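Here's the structure we're looking at; comments come further down.
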Amino acid sequence: MKLQVLDMRLIRYLNLFEKITGVRTKNCFFYNNGIIYAVPKQFVSKAIGEGGNNVRKMVSITKKKIKIVIIPDDQIKTENFIQDIVAPATFNNLEVTEKELIIFANKQSKAALIGRNKTRLIELSKIVEEFFGKELKIV
């Protein structure tokens with residue numbers, strides 16, 4: 001896992017997340033006008049809060065969509081990690097090579113994954129680069 005570059009905005013969101021949830025993480029990304037926090041599996045329910053209270057509180061403060069995903073530790077979980085980030089968009093398959101992470105998707109899903117003016121593609125490429133140190137390809 002590559003080291004993520006944090007700017008002041010990300011640091012503020014990370015501090016707010018820790019203050020509200022009581023869960024410390026250093027993995028925070030922007031995707032599709034929302035904020036995604038990656039936390040270890042054992043802290044996901046604590047981060048979400050009872051009945052989703054923590055997520056609702058974060059949404060009301062930040063005025064952005066909030067997602068909490070599990071940090072992957074192997075290939076199968078990598079696919080779930082990417083799927084959780086891009087949801088509700090879907091893809092058929094994911095292949096991890098030494099230098100690339102390749103997503104196979106049908107035409108409609110491909111359009112959703114790329115987004116208008118390639119915004120989602122750029123954001124997802126940045127996440128894959130920072131988290132896995134690999135280049136992203138959508139086929």
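The chains in the structure tokens are called A, B, ... from first to last as shown; in each chain the residues are counted from 1, and the ligands are counted from 1 in the order shown.
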Which neighbours of Ser109 of chain A fall inside 12 Å, counting only C-alpha atoms, when residues of the same chain fewer than 5 positions from it are skipped, and could you give them as number ranges by chain?
-> A: 83, 86-93, 103-104, 114-115, 138-139
Ser45 of chain A environment, 10 Å, only C-alpha atoms, sequence neighbours closer than 6 positions dropped, as a JSON list (two decimals) with N, CA and C atoms, in the first residue's frame:
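Output contents, as saved in selection_20.json:
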```
[["chain", "number", "residue", "atom", "x", "y", "z"],
["A", 21, "THR", "N", -17.10, 9.43, 15.11],
["A", 21, "THR", "CA", -17.24, 7.98, 15.17],
["A", 21, "THR", "C", -16.39, 7.32, 16.27],
["A", 51, "GLY", "N", -27.89, 2.48, 13.96],
["A", 51, "GLY", "CA", -28.92, 2.94, 13.03],
["A", 51, "GLY", "C", -28.40, 3.94, 12.01],
["A", 52, "GLY", "N", -27.07, 3.99, 11.80],
["A", 52, "GLY", "CA", -26.49, 4.92, 10.84],
["A", 52, "GLY", "C", -26.37, 6.34, 11.36],
["A", 54, "ASN", "N", -23.97, 7.97, 12.99],
["A", 54, "ASN", "CA", -22.71, 8.66, 12.71],
["A", 54, "ASN", "C", -22.66, 9.14, 11.26],
["A", 68, "ILE", "N", -18.65, 4.34, 3.94],
["A", 68, "ILE", "CA", -17.62, 3.70, 4.75],
["A", 68, "ILE", "C", -17.40, 2.32, 4.17]]
```
Mind checking which residues fall within 6 Å of Ile36 of chain A, counting only C-alpha atoms, ignoring those fewer than 4 positions away in the same chain, and posting them as JSON, numbers by chain?
-> {"A": [28, 29, 66, 67, 68]}
So which residues of segment 96-130 of chain A fall under alpha helix (DSSP H) by DSSP, listed as a PyMOL selection string?
-> chain A and resi 107-114+119-130
Kindly save the residues from that selection, with N, CA and C atoms included, as a PDB file, in the first residue's frame.
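Result saved to out10.pdb:
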```
ATOM      1  N   LYS A 107     -21.141  -1.694 -21.647  1.00  0.00           N
ATOM      2  CA  LYS A 107     -21.142  -0.321 -22.164  1.00  0.00           C
ATOM      3  C   LYS A 107     -21.777   0.687 -21.199  1.00  0.00           C
ATOM      4  N   GLN A 108     -22.945   0.344 -20.648  1.00  0.00           N
ATOM      5  CA  GLN A 108     -23.649   1.263 -19.760  1.00  0.00           C
ATOM      6  C   GLN A 108     -22.866   1.475 -18.456  1.00  0.00           C
ATOM      7  N   SER A 109     -22.364   0.395 -17.877  1.00  0.00           N
ATOM      8  CA  SER A 109     -21.587   0.499 -16.637  1.00  0.00           C
ATOM      9  C   SER A 109     -20.283   1.254 -16.872  1.00  0.00           C
ATOM     10  N   LYS A 110     -19.699   1.029 -18.032  1.00  0.00           N
ATOM     11  CA  LYS A 110     -18.457   1.710 -18.382  1.00  0.00           C
ATOM     12  C   LYS A 110     -18.667   3.223 -18.394  1.00  0.00           C
ATOM     13  N   ALA A 111     -19.788   3.648 -18.963  1.00  0.00           N
ATOM     14  CA  ALA A 111     -20.116   5.083 -19.003  1.00  0.00           C
ATOM     15  C   ALA A 111     -20.287   5.630 -17.591  1.00  0.00           C
ATOM     16  N   ALA A 112     -20.941   4.866 -16.718  1.00  0.00           N
ATOM     17  CA  ALA A 112     -21.142   5.296 -15.328  1.00  0.00           C
ATOM     18  C   ALA A 112     -19.813   5.350 -14.582  1.00  0.00           C
ATOM     19  N   LEU A 113     -18.919   4.415 -14.862  1.00  0.00           N
ATOM     20  CA  LEU A 113     -17.621   4.385 -14.187  1.00  0.00           C
ATOM     21  C   LEU A 113     -16.707   5.523 -14.645  1.00  0.00           C
ATOM     22  N   ILE A 114     -16.840   5.906 -15.904  1.00  0.00           N
ATOM     23  CA  ILE A 114     -15.987   6.976 -16.441  1.00  0.00           C
ATOM     24  C   ILE A 114     -16.533   8.349 -16.060  1.00  0.00           C
ATOM     25  N   THR A 119     -14.624  12.548 -14.972  1.00  0.00           N
ATOM     26  CA  THR A 119     -14.401  12.916 -13.567  1.00  0.00           C
ATOM     27  C   THR A 119     -14.295  11.696 -12.658  1.00  0.00           C
ATOM     28  N   ARG A 120     -15.208  10.743 -12.811  1.00  0.00           N
ATOM     29  CA  ARG A 120     -15.162   9.549 -11.946  1.00  0.00           C
ATOM     30  C   ARG A 120     -13.936   8.698 -12.252  1.00  0.00           C
ATOM     31  N   LEU A 121     -13.567   8.610 -13.524  1.00  0.00           N
ATOM     32  CA  LEU A 121     -12.380   7.851 -13.918  1.00  0.00           C
ATOM     33  C   LEU A 121     -11.134   8.443 -13.261  1.00  0.00           C
ATOM     34  N   ILE A 122     -11.027   9.760 -13.289  1.00  0.00           N
ATOM     35  CA  ILE A 122      -9.873  10.433 -12.686  1.00  0.00           C
ATOM     36  C   ILE A 122      -9.851  10.199 -11.176  1.00  0.00           C
ATOM     37  N   GLU A 123     -11.012  10.341 -10.528  1.00  0.00           N
ATOM     38  CA  GLU A 123     -11.080  10.127  -9.068  1.00  0.00           C
ATOM     39  C   GLU A 123     -10.745   8.691  -8.695  1.00  0.00           C
ATOM     40  N   LEU A 124     -11.313   7.727  -9.437  1.00  0.00           N
ATOM     41  CA  LEU A 124     -11.046   6.315  -9.146  1.00  0.00           C
ATOM     42  C   LEU A 124      -9.595   5.957  -9.439  1.00  0.00           C
ATOM     43  N   SER A 125      -9.028   6.533 -10.501  1.00  0.00           N
ATOM     44  CA  SER A 125      -7.614   6.298 -10.822  1.00  0.00           C
ATOM     45  C   SER A 125      -6.723   6.776  -9.688  1.00  0.00           C
ATOM     46  N   LYS A 126      -7.076   7.923  -9.122  1.00  0.00           N
ATOM     47  CA  LYS A 126      -6.310   8.479  -8.008  1.00  0.00           C
ATOM     48  C   LYS A 126      -6.397   7.562  -6.783  1.00  0.00           C
ATOM     49  N   ILE A 127      -7.598   7.039  -6.510  1.00  0.00           N
ATOM     50  CA  ILE A 127      -7.783   6.121  -5.373  1.00  0.00           C
ATOM     51  C   ILE A 127      -6.949   4.858  -5.568  1.00  0.00           C
ATOM     52  N   VAL A 128      -7.030   4.268  -6.766  1.00  0.00           N
ATOM     53  CA  VAL A 128      -6.283   3.027  -7.052  1.00  0.00           C
ATOM     54  C   VAL A 128      -4.787   3.284  -6.955  1.00  0.00           C
ATOM     55  N   GLU A 129      -4.327   4.415  -7.485  1.00  0.00           N
ATOM     56  CA  GLU A 129      -2.907   4.761  -7.437  1.00  0.00           C
ATOM     57  C   GLU A 129      -2.433   4.952  -5.993  1.00  0.00           C
ATOM     58  N   GLU A 130      -3.213   5.698  -5.194  1.00  0.00           N
ATOM     59  CA  GLU A 130      -2.816   5.971  -3.815  1.00  0.00           C
ATOM     60  C   GLU A 130      -2.915   4.734  -2.926  1.00  0.00           C
TER      61      GLU A 130
END
```
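Near Lys57 of chain A, within 12 Å and counting only C-alpha atoms, sit Leu16, Phe17, Lys19, Ile20, Thr21, Ala47, Ile48, Gly49, Glu50, Gly51, Lys63, Lys64, Lys65 and Ile66 of chain A, not including residues fewer than 6 positions from it in the same chain.
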Could you pull the residues within 12 Å of Leu10 of chain A, counting only C-alpha atoms, minus those fewer than 2 positions along the same chain, as JSON, numbers by chain?
-> {"A": [4, 5, 6, 7, 8, 12, 13, 14, 15, 16, 17, 25, 26, 27, 28, 29, 30, 35, 36, 37, 62]}
For those residues, write N, CA and C atoms to a file as a compact mmCIF listing (two decimals), in the first residue's frame.
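Resulting contents of out.txt:
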```txt
# COMPACT_ATOMS: atom_id res chain seq x y z
N GLN A 4 -0.63 7.83 1.13
CA GLN A 4 -1.56 8.81 0.58
C GLN A 4 -1.10 10.22 0.93
N VAL A 5 -1.20 11.12 -0.03
CA VAL A 5 -0.87 12.51 0.21
C VAL A 5 -2.11 13.20 0.77
N LEU A 6 -1.96 13.82 1.94
CA LEU A 6 -3.09 14.46 2.59
C LEU A 6 -2.99 15.97 2.45
N ASP A 7 -4.10 16.60 2.05
CA ASP A 7 -4.15 18.05 2.05
C ASP A 7 -4.98 18.49 3.27
N MET A 8 -5.04 19.78 3.50
CA MET A 8 -5.74 20.28 4.70
C MET A 8 -7.21 19.87 4.72
N ARG A 12 -9.00 17.71 7.70
CA ARG A 12 -10.19 18.17 8.43
C ARG A 12 -11.29 17.11 8.42
N TYR A 13 -11.51 16.48 7.24
CA TYR A 13 -12.53 15.42 7.15
C TYR A 13 -12.14 14.21 8.00
N LEU A 14 -10.87 13.87 8.03
CA LEU A 14 -10.42 12.74 8.86
C LEU A 14 -10.61 13.03 10.34
N ASN A 15 -10.27 14.25 10.75
CA ASN A 15 -10.45 14.63 12.16
C ASN A 15 -11.92 14.65 12.55
N LEU A 16 -12.77 15.15 11.68
CA LEU A 16 -14.21 15.17 11.94
C LEU A 16 -14.74 13.74 12.06
N PHE A 17 -14.30 12.86 11.17
CA PHE A 17 -14.71 11.45 11.20
C PHE A 17 -14.33 10.81 12.53
N THR A 25 -8.80 6.58 11.20
CA THR A 25 -8.37 6.04 9.92
C THR A 25 -7.54 7.09 9.21
N LYS A 26 -6.67 6.63 8.30
CA LYS A 26 -5.90 7.58 7.51
C LYS A 26 -6.27 7.45 6.03
N ASN A 27 -7.33 6.70 5.77
CA ASN A 27 -7.77 6.47 4.39
C ASN A 27 -9.07 7.20 4.12
N CYS A 28 -8.97 8.27 3.36
CA CYS A 28 -10.12 9.10 3.03
C CYS A 28 -9.97 9.53 1.57
N PHE A 29 -11.04 9.36 0.79
CA PHE A 29 -10.98 9.69 -0.64
C PHE A 29 -12.22 10.47 -1.05
N PHE A 30 -12.08 11.23 -2.11
CA PHE A 30 -13.22 11.90 -2.72
C PHE A 30 -13.61 11.10 -3.95
N ILE A 35 -17.55 11.58 0.06
CA ILE A 35 -16.33 11.24 0.79
C ILE A 35 -16.40 9.77 1.17
N ILE A 36 -15.31 9.06 0.91
CA ILE A 36 -15.25 7.64 1.24
C ILE A 36 -14.16 7.44 2.28
N TYR A 37 -14.54 6.77 3.37
CA TYR A 37 -13.59 6.43 4.43
C TYR A 37 -13.37 4.92 4.39
N THR A 62 -21.11 17.88 6.68
CA THR A 62 -20.30 18.09 5.48
C THR A 62 -21.13 18.44 4.25
```
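Atom pair atom CA of Ile71 of chain A / atom CA of Ile85 of chain A has a distance of 11.3 Å (rounded to one decimal).
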